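First the structure, in the form of structure tokens, and then the observations on it.
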Amino acid sequence: NAGVTQTPKFQVLKTGQSMTLQCAQDMNHNSMYWYRQDPGMGLRLIYYSASEGTTDKGEVPNGYNVSRLNKREFSLRLESAAPSQTSVYFCASSPGKRRLSTDTQYFGPGTRLTVL
Amino acid sequence: GENVEQHPSTLSVQEGDSAVIKCTYSDSASNYFPWYKQELGKRPQLIIDIRSNVGEKKDQRIAVTLNKTAKHFSLHITETQPEDSAVYFCAASTSRVYSGGGADGLTFGKGTHLIIQP
């Protein structure tokens with residue numbers, strides 16, 4: 001079991017460029033999440049998906065789009081990157097189906113993104 | 001939505017001493033409180049969690065206490081060791097559904113940098 005995997009590990013973009021961060025889990029979990037982590041800010045929820053085909057906004061969704069491609073994969077897209085999106089991005093998954101599950105969340109290794 | 005405050009932001013203790021990190025939350029509907037440990041450059045990893053029907057939970061050197069009346073919960077680490085050095089995050093989760101949507105699920109504190117002095 002690889003758990004939660006993310007690609008790429010590092011990425012540098014120029015302002016205005018687009019890119020997609022990939023996340024996959026092999027634990028047969030229903031719920032998946034995208035967080036961003038900034039120094040001194042903790043982790044903040046960007047988007048959430050309770051099941052294939054459903055997504056919900058989190059605390060900081062502006063500037064991002066997501067796709068729950070199937071049960072395993074949940075991608076995060078930046079259509080026009082801005083320096084304010086420089087951050088470490090973590091994907092996570094949990095077993096529960098409910099939008100507000102209290103199940104344990106398991107995190108991927110993170111993607112370190114720099115926007116110049 | 002939920003708001004989680006975590007203190008202190010930095011905590012330095014001598015090896016072998018105890019460390020306590022405290023968090024408060026705002027939403028009385030919150031019912032799940034996990035603690036995550038994050039080493040430099042690594043992913044957050046769950047170390048212990050507690051649900052609202054329990055007041056205390058222990059796992060070897062780590063314990064978490066919950067006071068629902070006061071809306072605060074704490075992480076206690078006894079007999080600290082060098083490998084305990086890391087950033088620790090508390091979080092709170094509610095099952096309440098807000099009609100306007102928004103930020104539900106886990107809300108994290110801003111983290112405590114725990115330093116174990118040899």
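Residues in the structure tokens are named by chain (A, B, ... in the order shown) and by number from 1 within that chain; ligands are numbered from 1 in the order shown.
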
Write down, as a PyMOL selection string, each residue of chain B that has any atom within 12 Å of an atom of chain A, counting only C-alpha atoms.
chain B and resi 1-6+9-10+29-52+87-98+100-113

Got a sec: who's within 9 Å of region 9-18 of chain A, counting only C-alpha atoms, leaving out chain neighbours fewer than 3 positions off, as a ChimeraX atom specification?
/A:6,77-83,109-116

Residues near region 49-51 of chain A, anyone? I mean within 10 Å using only C-alpha atoms, not counting same-chain ones fewer than 4 positions away, as a ChimeraX atom specification.
/A:29-34,55-57,66-72,74,93-101

Env of Pro118 (chain B): 12 Å cut, atoms = only C-alpha atoms, seq-sep filter 6 positions within chain, self excluded. Answer as a PyMOL selection string.
chain B and resi 12-17+80-85

Same residues, N, CA and C atoms, output as a short mmCIF file (atom, residue, chain, number, x, y, z; two decimals), in the first residue's frame:
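This is the output file part39.cif:
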```cif
data_model
loop_
_atom_site.label_atom_id
_atom_site.label_comp_id
_atom_site.auth_asym_id
_atom_site.auth_seq_id
_atom_site.Cartn_x
_atom_site.Cartn_y
_atom_site.Cartn_z
N SER B 12 9.99 25.05 24.21
CA SER B 12 11.30 24.42 24.38
C SER B 12 11.33 23.76 25.75
N VAL B 13 11.63 22.46 25.79
CA VAL B 13 11.70 21.72 27.05
C VAL B 13 12.96 20.88 27.10
N GLN B 14 13.40 20.60 28.31
CA GLN B 14 14.56 19.72 28.48
C GLN B 14 14.16 18.28 28.22
N GLU B 15 15.05 17.54 27.61
CA GLU B 15 14.81 16.12 27.38
C GLU B 15 14.45 15.45 28.70
N GLY B 16 13.38 14.66 28.66
CA GLY B 16 12.92 13.97 29.87
C GLY B 16 11.79 14.69 30.58
N ASP B 17 11.66 15.99 30.32
CA ASP B 17 10.55 16.75 30.92
C ASP B 17 9.28 16.53 30.11
N THR B 80 9.92 13.43 27.43
CA THR B 80 10.22 13.84 26.06
C THR B 80 11.60 13.34 25.60
N GLN B 81 11.67 13.04 24.30
CA GLN B 81 12.89 12.52 23.69
C GLN B 81 13.23 13.38 22.48
N PRO B 82 14.48 13.36 22.03
CA PRO B 82 14.86 14.20 20.88
C PRO B 82 13.97 13.99 19.66
N GLU B 83 13.51 12.78 19.43
CA GLU B 83 12.66 12.52 18.26
C GLU B 83 11.27 13.12 18.38
N ASP B 84 10.93 13.66 19.54
CA ASP B 84 9.65 14.37 19.68
C ASP B 84 9.71 15.78 19.09
N SER B 85 10.91 16.25 18.77
CA SER B 85 11.05 17.59 18.17
C SER B 85 10.34 17.62 16.81
#
```

Find the residue from A:Leu76, A:Met27, A:Thr54, A:Tyr64 that sits nearest to Thr7 (chain A); use only C-alpha atoms when measuring.
A:Leu76

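The interatomic distance for the pair CA of Cys23 (chain B) and CA of Thr69 (chain B) works out to 13.6 Å.
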
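Here CA of Tyr35 (chain A) and CA of Leu21 (chain A) stand 11.8 Å from one another.
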
Run DSSP on the backbone and grab whatever in chain A lands in strand (DSSP E or B); send it over as number ranges by chain.
A: 4-7, 10-13, 19-25, 31-38, 42-51, 54-57, 65-68, 73-78, 87-94, 106-107, 111-115

Could you tell me how far CA of Ser28 (chain B) lies from CA of His7 (chain B), in Å and to one decimal?
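We find that CA of Ser28 (chain B) and CA of His7 (chain B) lie 19.6 Å from each other.
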